[in-house]
file start-v8.txt (compact mmCIF, C-alpha atoms)
# COMPACT_ATOMS: atom_id res chain seq x y z
CA MET Q 228 0.00 0.00 0.00
CA ALA Q 229 2.68 2.50 1.01
CA GLN Q 230 5.48 3.24 -1.41
CA GLU Q 231 8.64 2.64 0.57
CA LEU Q 232 10.98 5.63 0.43
CA LYS Q 233 14.33 5.24 -1.29
CA VAL Q 234 16.87 8.04 -1.17
CA GLY Q 235 19.67 8.33 -3.67
CA VAL Q 236 22.76 10.39 -2.90
CA ARG Q 237 24.57 12.11 -5.77
CA HIS Q 238 26.69 15.13 -6.44
CA SER Q 239 25.84 18.09 -8.64
CA ALA Q 240 28.56 20.72 -8.92
CA ALA Q 241 29.71 21.27 -5.33
CA VAL Q 242 26.38 20.30 -3.89
CA THR Q 243 25.00 16.96 -2.73
CA VAL Q 244 21.51 16.06 -3.85
CA LEU Q 245 19.33 13.62 -1.95
CA ASP Q 246 16.77 12.25 -4.41
CA LEU Q 247 13.66 11.05 -2.60
CA HIS Q 248 11.54 8.41 -4.34
CA GLY Q 249 8.38 7.13 -2.66
CA ASP Q 250 6.24 8.19 0.28
CA VAL Q 251 7.54 10.47 3.00
CA THR Q 252 5.83 9.05 6.08
CA MET Q 253 6.85 7.69 9.45
CA PHE Q 254 8.45 4.74 7.66
CA ALA Q 255 10.87 7.04 5.85
CA GLU Q 256 12.93 7.95 8.89
CA SER Q 257 15.68 5.35 8.76
CA GLU Q 258 16.27 5.74 5.02
CA LEU Q 259 16.29 9.54 5.12
CA THR Q 260 18.63 9.75 8.08
CA ARG Q 261 20.89 7.10 6.52
CA ALA Q 262 21.20 9.11 3.33
CA TYR Q 263 21.69 12.37 5.20
CA HIS Q 264 24.48 10.96 7.34
CA GLN Q 265 26.10 9.32 4.32
CA ALA Q 266 26.21 12.72 2.62
CA ILE Q 267 27.61 14.44 5.71
CA ASP Q 268 30.22 11.73 6.24
CA ASP Q 269 31.28 12.27 2.61
CA GLY Q 270 31.92 15.94 3.36
CA ALA Q 271 28.73 17.61 2.22
CA ARG Q 272 28.13 21.09 3.58
CA ALA Q 273 25.25 21.92 1.23
CA LEU Q 274 22.39 19.55 0.62
CA VAL Q 275 19.43 19.66 -1.71
CA LEU Q 276 16.45 17.57 -0.72
CA ASN Q 277 14.84 16.73 -4.05
CA PHE Q 278 11.18 15.77 -3.68
CA ALA Q 279 10.48 15.37 -7.40
CA GLY Q 280 10.04 11.62 -6.95
CA THR Q 281 7.50 11.86 -4.15
CA ASP Q 282 3.78 12.52 -4.30
CA TYR Q 283 2.68 11.74 -0.75
CA ILE Q 284 4.05 13.49 2.33
CA ASN Q 285 2.17 13.33 5.61
CA SER Q 286 2.68 15.00 8.97
CA ALA Q 287 4.95 12.21 10.19
CA GLY Q 288 7.15 12.76 7.15
CA ILE Q 289 7.20 16.48 7.78
CA ALA Q 290 8.32 15.79 11.35
CA ILE Q 291 11.27 13.80 9.95
CA ILE Q 292 12.19 16.71 7.65
CA ILE Q 293 12.07 19.02 10.67
CA SER Q 294 14.50 16.70 12.49
CA LEU Q 295 16.87 16.83 9.53
CA LEU Q 296 16.63 20.61 9.42
CA THR Q 297 17.39 20.83 13.12
CA GLU Q 298 20.40 18.56 12.70
CA ALA Q 299 21.58 20.54 9.68
CA ARG Q 300 21.40 23.83 11.57
CA THR Q 301 23.34 22.33 14.47
CA GLY Q 302 26.01 21.06 12.08
CA ALA Q 303 26.19 24.30 10.05
CA VAL Q 304 24.97 22.44 6.97
CA THR Q 305 22.91 24.35 4.41
CA LEU Q 306 19.85 22.36 3.45
CA VAL Q 307 17.44 23.47 0.76
CA ILE Q 308 14.42 21.85 -0.82
CA CYS Q 309 13.33 21.42 -4.43
CA GLY Q 310 10.89 19.45 -6.53
CA LEU Q 311 7.84 19.85 -4.34
CA SER Q 312 4.45 20.02 -6.01
CA THR Q 313 2.55 23.29 -5.68
CA HIS Q 314 0.35 21.66 -3.06
CA TYR Q 315 3.23 20.54 -0.87
CA GLN Q 316 5.00 23.88 -1.24
CA LYS Q 317 1.82 25.31 0.26
CA ILE Q 318 1.86 22.72 3.04
CA PHE Q 319 5.49 23.46 3.86
CA ARG Q 320 4.71 27.19 4.00
CA MET Q 321 1.65 26.52 6.12
CA VAL Q 322 3.57 24.65 8.80
CA GLY Q 323 6.40 27.18 8.75
CA LEU Q 324 9.12 24.98 7.28
CA THR Q 325 10.01 27.60 4.70
CA GLN Q 326 11.35 29.81 7.47
CA TYR Q 327 14.14 27.29 7.92
CA ALA Q 328 14.78 25.89 4.45
CA GLU Q 329 14.47 27.65 1.14
CA VAL Q 330 12.24 25.95 -1.37
CA TYR Q 331 12.97 25.98 -5.10
CA ASP Q 332 10.81 24.70 -7.92
CA THR Q 333 13.63 22.77 -9.57
CA GLU Q 334 16.99 21.23 -8.74
CA ASP Q 335 18.74 23.52 -11.22
CA LEU Q 336 17.46 26.60 -9.41
CA ALA Q 337 18.46 25.19 -6.03
CA VAL Q 338 21.95 24.20 -7.12
CA GLN Q 339 22.53 27.49 -8.93
CA GLU Q 340 21.50 29.48 -5.89
CA LEU Q 341 23.85 27.52 -3.65
CA LYS Q 342 26.69 28.01 -6.15
CA ASN Q 343 25.94 31.75 -6.30
CA ARG Q 344 26.26 31.92 -2.53
CA GLY Q 345 29.51 29.98 -2.58
CA ILE Q 346 28.11 27.17 -0.47
CA GLY Q 347 29.36 23.71 -1.29
CA GLU Q 348 31.49 20.75 -0.32
CA SER Q 349 34.16 21.12 2.31
CA ALA Q 350 37.64 21.54 0.86
CA PRO Q 351 39.55 18.28 0.43
CA VAL Q 352 42.11 17.65 3.14
CA MET T 35 -30.85 22.36 8.43
CA PRO T 36 -29.52 21.47 4.97
CA THR T 37 -30.45 17.99 3.84
CA LYS T 38 -27.53 15.59 4.05
CA ARG T 39 -27.19 12.88 1.43
CA GLN T 40 -24.81 10.02 2.09
CA LEU T 41 -22.91 8.94 -1.01
CA VAL T 42 -20.18 6.56 0.10
CA GLU T 43 -19.22 4.71 3.26
CA LEU T 44 -15.80 3.14 3.39
CA GLN T 45 -14.06 1.05 6.04
CA ILE T 46 -10.30 0.78 6.10
CA PRO T 47 -8.21 -1.28 8.52
CA SER T 48 -6.08 0.50 11.09
CA ILE T 49 -2.90 -0.07 9.12
CA PHE T 50 -0.73 2.85 8.09
CA GLY T 51 -0.86 3.23 4.36
CA TYR T 52 -4.55 2.46 4.02
CA GLU T 53 -5.29 6.14 4.37
CA LYS T 54 -4.39 6.23 0.68
CA VAL T 55 -7.52 4.20 -0.10
CA ALA T 56 -9.61 6.83 1.64
CA MET T 57 -7.74 9.58 -0.20
CA ALA T 58 -8.43 7.94 -3.57
CA THR T 59 -12.12 7.49 -2.80
CA VAL T 60 -12.56 11.05 -1.61
CA THR T 61 -10.73 12.27 -4.73
CA ALA T 62 -13.12 10.39 -7.00
CA VAL T 63 -16.19 11.77 -5.25
CA ALA T 64 -14.81 15.31 -5.07
CA LEU T 65 -14.15 15.24 -8.81
CA ARG T 66 -17.74 14.13 -9.46
CA VAL T 67 -19.18 16.99 -7.41
CA GLY T 68 -17.03 19.56 -9.16
CA ILE T 69 -14.48 20.56 -6.55
CA SER T 70 -11.37 22.16 -8.05
CA ALA T 71 -8.09 20.32 -8.40
CA GLU T 72 -6.36 22.54 -5.86
CA ARG T 73 -9.06 22.02 -3.26
CA ILE T 74 -9.07 18.30 -3.90
CA GLU T 75 -5.39 18.23 -3.01
CA ASP T 76 -6.22 20.05 0.22
CA LEU T 77 -9.00 17.60 0.95
CA ARG T 78 -6.78 14.59 0.26
CA THR T 79 -4.20 15.77 2.77
CA ALA T 80 -6.85 16.56 5.37
CA VAL T 81 -8.48 13.15 4.96
CA ALA T 82 -5.10 11.43 5.16
CA GLU T 83 -4.30 13.18 8.41
CA ALA T 84 -7.71 12.41 9.90
CA CYS T 85 -7.33 8.74 8.98
CA ILE T 86 -3.79 8.58 10.37
CA ASN T 87 -4.99 10.07 13.65
CA ALA T 88 -7.82 7.54 13.75
CA ILE T 89 -5.45 4.65 13.02
CA GLU T 90 -2.88 5.68 15.57
CA TYR T 91 -4.72 7.45 18.35
CA GLY T 92 -8.24 6.22 17.89
CA ASN T 93 -7.69 2.56 17.20
CA GLY T 94 -4.25 2.16 18.73
CA VAL T 95 -3.03 0.72 15.43
CA GLY T 96 -5.09 -2.37 16.03
CA ALA T 97 -5.34 -3.57 12.45
CA ALA T 98 -8.74 -5.20 12.84
CA ALA T 99 -10.33 -2.05 14.20
CA PRO T 100 -11.87 -0.18 11.31
CA VAL T 101 -11.65 3.47 10.46
CA VAL T 102 -14.95 4.44 8.89
CA VAL T 103 -14.99 7.20 6.29
CA THR T 104 -18.36 8.55 5.22
CA ILE T 105 -18.71 10.90 2.29
CA SER T 106 -21.88 12.95 1.97
CA THR T 107 -23.16 16.19 0.56
CA ASP T 108 -25.57 18.78 1.75
CA ALA T 109 -26.82 21.77 -0.22
CA LEU T 110 -23.55 23.64 0.16
CA HIS T 111 -20.77 21.22 1.08
CA LEU T 112 -18.97 17.99 0.48
CA LEU T 113 -18.89 16.36 3.91
CA ILE T 114 -16.25 13.87 5.02
CA ASP T 115 -16.58 12.11 8.36
CA VAL T 116 -13.75 10.00 9.75
CA ARG T 117 -14.45 7.98 12.86
CA ASP T 118 -12.56 5.50 14.98
CA LEU T 119 -13.52 3.25 17.87
CA ALA T 120 -11.70 5.22 20.58
CA LEU T 121 -9.55 2.22 21.47
CA GLY T 122 -6.46 4.37 21.88
CA SER T 123 -5.48 5.88 25.16
CA THR T 124 -4.72 9.38 23.94
CA LYS T 125 -6.29 11.92 21.68
CA PRO T 126 -4.20 13.91 19.21
CA GLN T 127 -3.38 17.42 20.29
CA MET T 128 -3.39 20.42 17.99
CA GLY T 129 0.11 21.33 16.94
CA LYS T 130 1.39 24.66 15.72
CA MET T 131 3.77 26.09 13.17
CA VAL T 132 7.33 24.84 13.20
CA ASP T 133 9.77 26.56 15.52
CA LEU T 134 13.20 24.98 15.36
CA GLN T 135 14.17 26.77 18.56
CA ASN T 136 11.43 24.71 20.19
CA PRO T 137 11.07 21.60 18.00
CA PRO T 138 7.71 19.88 18.10
CA THR T 139 7.23 17.05 20.53
CA GLY T 140 5.08 14.01 20.18
CA PRO T 141 4.52 11.88 17.14
CA HIS T 142 4.34 13.86 13.90
CA GLY T 143 4.79 17.05 15.92
CA ASN T 144 1.00 16.96 16.28
CA MET T 145 0.74 18.66 12.93
CA GLY T 146 -2.10 16.50 11.66
CA LEU T 147 -4.89 18.48 13.29
CA PHE T 148 -3.15 21.74 12.44
CA LEU T 149 -3.19 20.77 8.76
CA ILE T 150 -6.81 19.63 8.83
CA HIS T 151 -7.97 22.92 10.33
CA HIS T 152 -6.10 24.92 7.72
CA LEU T 153 -7.04 22.88 4.67
CA VAL T 154 -10.79 22.39 4.84
CA ASP T 155 -13.58 24.93 5.29
CA LYS T 156 -15.09 23.51 8.45
CA VAL T 157 -13.87 21.03 11.06
CA HIS T 158 -15.78 19.68 14.00
CA ILE T 159 -14.37 16.98 16.28
CA VAL T 160 -16.59 15.02 18.61
CA CYS T 161 -15.03 12.68 21.16
CA ARG T 162 -17.28 10.04 22.65
CA ALA T 163 -16.60 6.94 24.68
CA ASN T 164 -17.26 4.73 21.67
CA GLY T 165 -15.40 6.76 19.10
CA THR T 166 -13.97 10.01 17.89
CA HIS T 167 -15.59 11.62 14.88
CA VAL T 168 -13.78 14.16 12.76
CA HIS T 169 -16.29 16.00 10.63
CA MET T 170 -14.85 17.96 7.72
CA ALA T 171 -16.67 20.10 5.19
CA MET T 172 -15.51 21.55 1.90
CA ARG T 173 -17.72 24.11 0.25
CA LEU T 174 -19.02 23.13 -3.16
CA PRO T 175 -17.96 25.50 -5.95
CA ASP T 176 -20.35 28.28 -6.89
CA SER T 177 -20.64 26.86 -10.40
CA VAL T 178 -22.20 23.73 -8.91
CA LEU T 179 -24.47 25.57 -6.51
CA HIS T 180 -26.07 27.86 -9.10
call {"tool": "encode", "arguments": {"input": "start-v8.txt", "output": "structure tokens"}}
result
Amino acid sequence: MAQELKVGVRHSAAVTVLDLHGDVTMFAESELTRAYHQAIDDGARALVLNFAGTDYINSAGIAIIISLLTEARTGAVTLVICGLSTHYQKIFRMVGLTQYAEVYDTEDLAVQELKNRGIGESAPV
Amino acid sequence: MPTKRQLVELQIPSIFGYEKVAMATVTAVALRVGISAERIEDLRTAVAEACINAIEYGNGVGAAAPVVVTISTDALHLLIDVRDLALGSTKPQMGKMVDLQNPPTGPHGNMGLFLIHHLVDKVHIVCRANGTHVHMAMRLPDSVLH
């Protein structure tokens, strides 16, 4: 019944993109946090959460996104959001998430904005 | 009192994920009565949240306990009722907008009721010993009313 969430981790310019495919519900927590931590362990300082592959997000899923945002702020990681439908952009605004993460219509816009601000991967050691 | 006409009654098990069956049914009915695409999206999310609350809080995620979704119309509204059997020990509390300085507590940050109240035109919640009813109403478009 539920579409299990899968999160792919890839790099675009100096930014890491987490591609979400499936439902963002309470069952998404382990996969989302796994992917987030994988990206951080690989040196990511700027993350794009790409929701283009999702069409169902419920309040439990939003709570998981809030946890990621909180962790990102604590770790000085820039996290932005793209690919949300018009409806879910409205939902995210409604619950106040957009105060804490910028929302872009497309990945290209999100990545370009992060590049413009000079936010990207940590320098190689 | 406007005359209420019941169109559909649906029972889903208290298993997370089955709220999508209710969402699909409500979508089909809302399309038939002429509600706009944007408002249907709002209604789908509200129904999902009401069902999730019923599954988790109302029926304590006891799979055999049904969540009953009734879809009706009156002269002015599409009416969606979601009821559980009040088997759970707690009722969902209304959450509020996100504040990362004070992150939400509780499952889902209690955002379900917050979303329902902001997405449909009317909400009325009745808690009884034998069940909690969430009554939601979405106004029919003017083009349908006239």
call {"tool": "residues_around", "arguments": {"input": "start-v8.txt", "residues": "Val63 in chain T", "least_positions_apart": "6", "cutoff": "9 Å", "atoms": "all atoms listed in the file", "output": "compact mmCIF listing (two decimals) with C-alpha atoms, in the frame of the given file"}}
result
# COMPACT_ATOMS: atom_id res chain seq x y z
CA LEU T 41 -22.91 8.94 -1.01
CA VAL T 42 -20.18 6.56 0.10
CA ILE T 105 -18.71 10.90 2.29
CA LEU T 112 -18.97 17.99 0.48
call {"tool": "residues_around", "arguments": {"input": "start-v8.txt", "residues": "Ala255 in chain Q", "least_positions_apart": "5", "cutoff": "9 Å", "atoms": "only C-alpha atoms", "output": "PyMOL selection string"}}
result
chain Q and resi 231-233+249-250+260+287-288+291
call {"tool": "interface_residues", "arguments": {"input": "start-v8.txt", "of": "chain Q", "to": "chain T", "cutoff": "6 Å", "atoms": "all atoms listed in the file", "output": "list in words"}}
result
Met228, Ala229, Ser286, Ala287, Ala290, Val322 and Gly323 of chain Q
call {"tool": "residues_around", "arguments": {"input": "start-v8.txt", "residues": "Val67 in chain T", "least_positions_apart": "5", "cutoff": "12 Å", "atoms": "all atoms listed in the file", "output": "list in words"}}
result
Leu41, Val60, Thr61, Ala62, Ile74, Ile105, Ser106, Thr107, Asp108, Ala109, Leu110, His111, Leu112, Leu113, Met172, Arg173, Leu174, Pro175, Asp176, Ser177, Val178 and Leu179 of chain T
call {"tool": "residues_around", "arguments": {"input": "start-v8.txt", "residues": "range 330-340 of chain Q", "least_positions_apart": "2", "cutoff": "7 Å", "atoms": "all atoms listed in the file", "output": "PyMOL selection string"}}
result
chain Q and resi 242+277+307-311+325+328+342-344
call {"tool": "closest_residue", "arguments": {"input": "start-v8.txt", "among": "Q:Ile284, Q:Met253, Q:Leu274, Q:Ala262", "to": "Ala241 in chain Q", "atoms": "all atoms listed in the file"}}
result
Q:Leu274
call {"tool": "axis_aligned_box", "arguments": {"input": "start-v8.txt", "around": "range 72-77 of chain T", "padding_each_side": "5 Å", "output": "lines of an AutoDock Vina configuration file"}}
result
center_x = -7.2
center_y = 20.1
center_z = -2.5
size_x = 13.7
size_y = 14.9
size_z = 16.8
call {"tool": "closest_residue", "arguments": {"input": "start-v8.txt", "among": "T:Val101, T:Ala71, T:Ala56, T:Ala84", "to": "Val157 in chain T", "atoms": "only C-alpha atoms"}}
result
T:Ala84
call {"tool": "closest_residue", "arguments": {"input": "start-v8.txt", "among": "Q:Val304, Q:Leu324, Q:Ile346, Q:Ile289", "to": "Glu256 in chain Q", "atoms": "all atoms listed in the file"}}
result
Q:Ile289
call {"tool": "atom_distance", "arguments": {"input": "start-v8.txt", "atom1": "CA of Gln40 in chain T", "atom2": "CA of Gly68 in chain T"}}
result
16.7 Å
call {"tool": "atom_distance", "arguments": {"input": "start-v8.txt", "atom1": "CA of Ala99 in chain T", "atom2": "CA of Cys85 in chain T"}}
result
12.4 Å
call {"tool": "atom_distance", "arguments": {"input": "start-v8.txt", "atom1": "CA of Ala97 in chain T", "atom2": "CA of Ala64 in chain T"}}
result
27.4 Å
call {"tool": "residues_around", "arguments": {"input": "start-v8.txt", "residues": "Ile159 in chain T", "least_positions_apart": "2", "cutoff": "9 Å", "atoms": "only C-alpha atoms", "output": "MDAnalysis selection string"}}
result
chainID T and resid 157 161 166:170
call {"tool": "decode", "arguments": {"input": "start-v8.txt", "residues": "range 234-350 of chain Q", "atoms": "C-alpha atoms", "output": "compact mmCIF listing (two decimals), in the first residue's frame"}}
result
# COMPACT_ATOMS: atom_id res chain seq x y z
CA VAL Q 234 16.87 8.04 -1.17
CA GLY Q 235 19.67 8.33 -3.67
CA VAL Q 236 22.76 10.39 -2.90
CA ARG Q 237 24.57 12.11 -5.77
CA HIS Q 238 26.69 15.13 -6.44
CA SER Q 239 25.84 18.09 -8.64
CA ALA Q 240 28.56 20.72 -8.92
CA ALA Q 241 29.71 21.27 -5.33
CA VAL Q 242 26.38 20.30 -3.89
CA THR Q 243 25.00 16.96 -2.73
CA VAL Q 244 21.51 16.06 -3.85
CA LEU Q 245 19.33 13.62 -1.95
CA ASP Q 246 16.77 12.25 -4.41
CA LEU Q 247 13.66 11.05 -2.60
CA HIS Q 248 11.54 8.41 -4.34
CA GLY Q 249 8.38 7.13 -2.66
CA ASP Q 250 6.24 8.19 0.28
CA VAL Q 251 7.54 10.47 3.00
CA THR Q 252 5.83 9.05 6.08
CA MET Q 253 6.85 7.69 9.45
CA PHE Q 254 8.45 4.74 7.66
CA ALA Q 255 10.87 7.04 5.85
CA GLU Q 256 12.93 7.95 8.89
CA SER Q 257 15.68 5.35 8.76
CA GLU Q 258 16.27 5.74 5.02
CA LEU Q 259 16.29 9.54 5.12
CA THR Q 260 18.63 9.75 8.08
CA ARG Q 261 20.89 7.10 6.52
CA ALA Q 262 21.20 9.11 3.33
CA TYR Q 263 21.69 12.37 5.20
CA HIS Q 264 24.48 10.96 7.34
CA GLN Q 265 26.10 9.32 4.32
CA ALA Q 266 26.21 12.72 2.62
CA ILE Q 267 27.61 14.44 5.71
CA ASP Q 268 30.22 11.73 6.24
CA ASP Q 269 31.28 12.27 2.61
CA GLY Q 270 31.92 15.94 3.36
CA ALA Q 271 28.73 17.61 2.22
CA ARG Q 272 28.13 21.09 3.58
CA ALA Q 273 25.25 21.92 1.23
CA LEU Q 274 22.39 19.55 0.62
CA VAL Q 275 19.43 19.66 -1.71
CA LEU Q 276 16.45 17.57 -0.72
CA ASN Q 277 14.84 16.73 -4.05
CA PHE Q 278 11.18 15.77 -3.68
CA ALA Q 279 10.48 15.37 -7.40
CA GLY Q 280 10.04 11.62 -6.95
CA THR Q 281 7.50 11.86 -4.15
CA ASP Q 282 3.78 12.52 -4.30
CA TYR Q 283 2.68 11.74 -0.75
CA ILE Q 284 4.05 13.49 2.33
CA ASN Q 285 2.17 13.33 5.61
CA SER Q 286 2.68 15.00 8.97
CA ALA Q 287 4.95 12.21 10.19
CA GLY Q 288 7.15 12.76 7.15
CA ILE Q 289 7.20 16.48 7.78
CA ALA Q 290 8.32 15.79 11.35
CA ILE Q 291 11.27 13.80 9.95
CA ILE Q 292 12.19 16.71 7.65
CA ILE Q 293 12.07 19.02 10.67
CA SER Q 294 14.50 16.70 12.49
CA LEU Q 295 16.87 16.83 9.53
CA LEU Q 296 16.63 20.61 9.42
CA THR Q 297 17.39 20.83 13.12
CA GLU Q 298 20.40 18.56 12.70
CA ALA Q 299 21.58 20.54 9.68
CA ARG Q 300 21.40 23.83 11.57
CA THR Q 301 23.34 22.33 14.47
CA GLY Q 302 26.01 21.06 12.08
CA ALA Q 303 26.19 24.30 10.05
CA VAL Q 304 24.97 22.44 6.97
CA THR Q 305 22.91 24.35 4.41
CA LEU Q 306 19.85 22.36 3.45
CA VAL Q 307 17.44 23.47 0.76
CA ILE Q 308 14.42 21.85 -0.82
CA CYS Q 309 13.33 21.42 -4.43
CA GLY Q 310 10.89 19.45 -6.53
CA LEU Q 311 7.84 19.85 -4.34
CA SER Q 312 4.45 20.02 -6.01
CA THR Q 313 2.55 23.29 -5.68
CA HIS Q 314 0.35 21.66 -3.06
CA TYR Q 315 3.23 20.54 -0.87
CA GLN Q 316 5.00 23.88 -1.24
CA LYS Q 317 1.82 25.31 0.26
CA ILE Q 318 1.86 22.72 3.04
CA PHE Q 319 5.49 23.46 3.86
CA ARG Q 320 4.71 27.19 4.00
CA MET Q 321 1.65 26.52 6.12
CA VAL Q 322 3.57 24.65 8.80
CA GLY Q 323 6.40 27.18 8.75
CA LEU Q 324 9.12 24.98 7.28
CA THR Q 325 10.01 27.60 4.70
CA GLN Q 326 11.35 29.81 7.47
CA TYR Q 327 14.14 27.29 7.92
CA ALA Q 328 14.78 25.89 4.45
CA GLU Q 329 14.47 27.65 1.14
CA VAL Q 330 12.24 25.95 -1.37
CA TYR Q 331 12.97 25.98 -5.10
CA ASP Q 332 10.81 24.70 -7.92
CA THR Q 333 13.63 22.77 -9.57
CA GLU Q 334 16.99 21.23 -8.74
CA ASP Q 335 18.74 23.52 -11.22
CA LEU Q 336 17.46 26.60 -9.41
CA ALA Q 337 18.46 25.19 -6.03
CA VAL Q 338 21.95 24.20 -7.12
CA GLN Q 339 22.53 27.49 -8.93
CA GLU Q 340 21.50 29.48 -5.89
CA LEU Q 341 23.85 27.52 -3.65
CA LYS Q 342 26.69 28.01 -6.15
CA ASN Q 343 25.94 31.75 -6.30
CA ARG Q 344 26.26 31.92 -2.53
CA GLY Q 345 29.51 29.98 -2.58
CA ILE Q 346 28.11 27.17 -0.47
CA GLY Q 347 29.36 23.71 -1.29
CA GLU Q 348 31.49 20.75 -0.32
CA SER Q 349 34.16 21.12 2.31
CA ALA Q 350 37.64 21.54 0.86
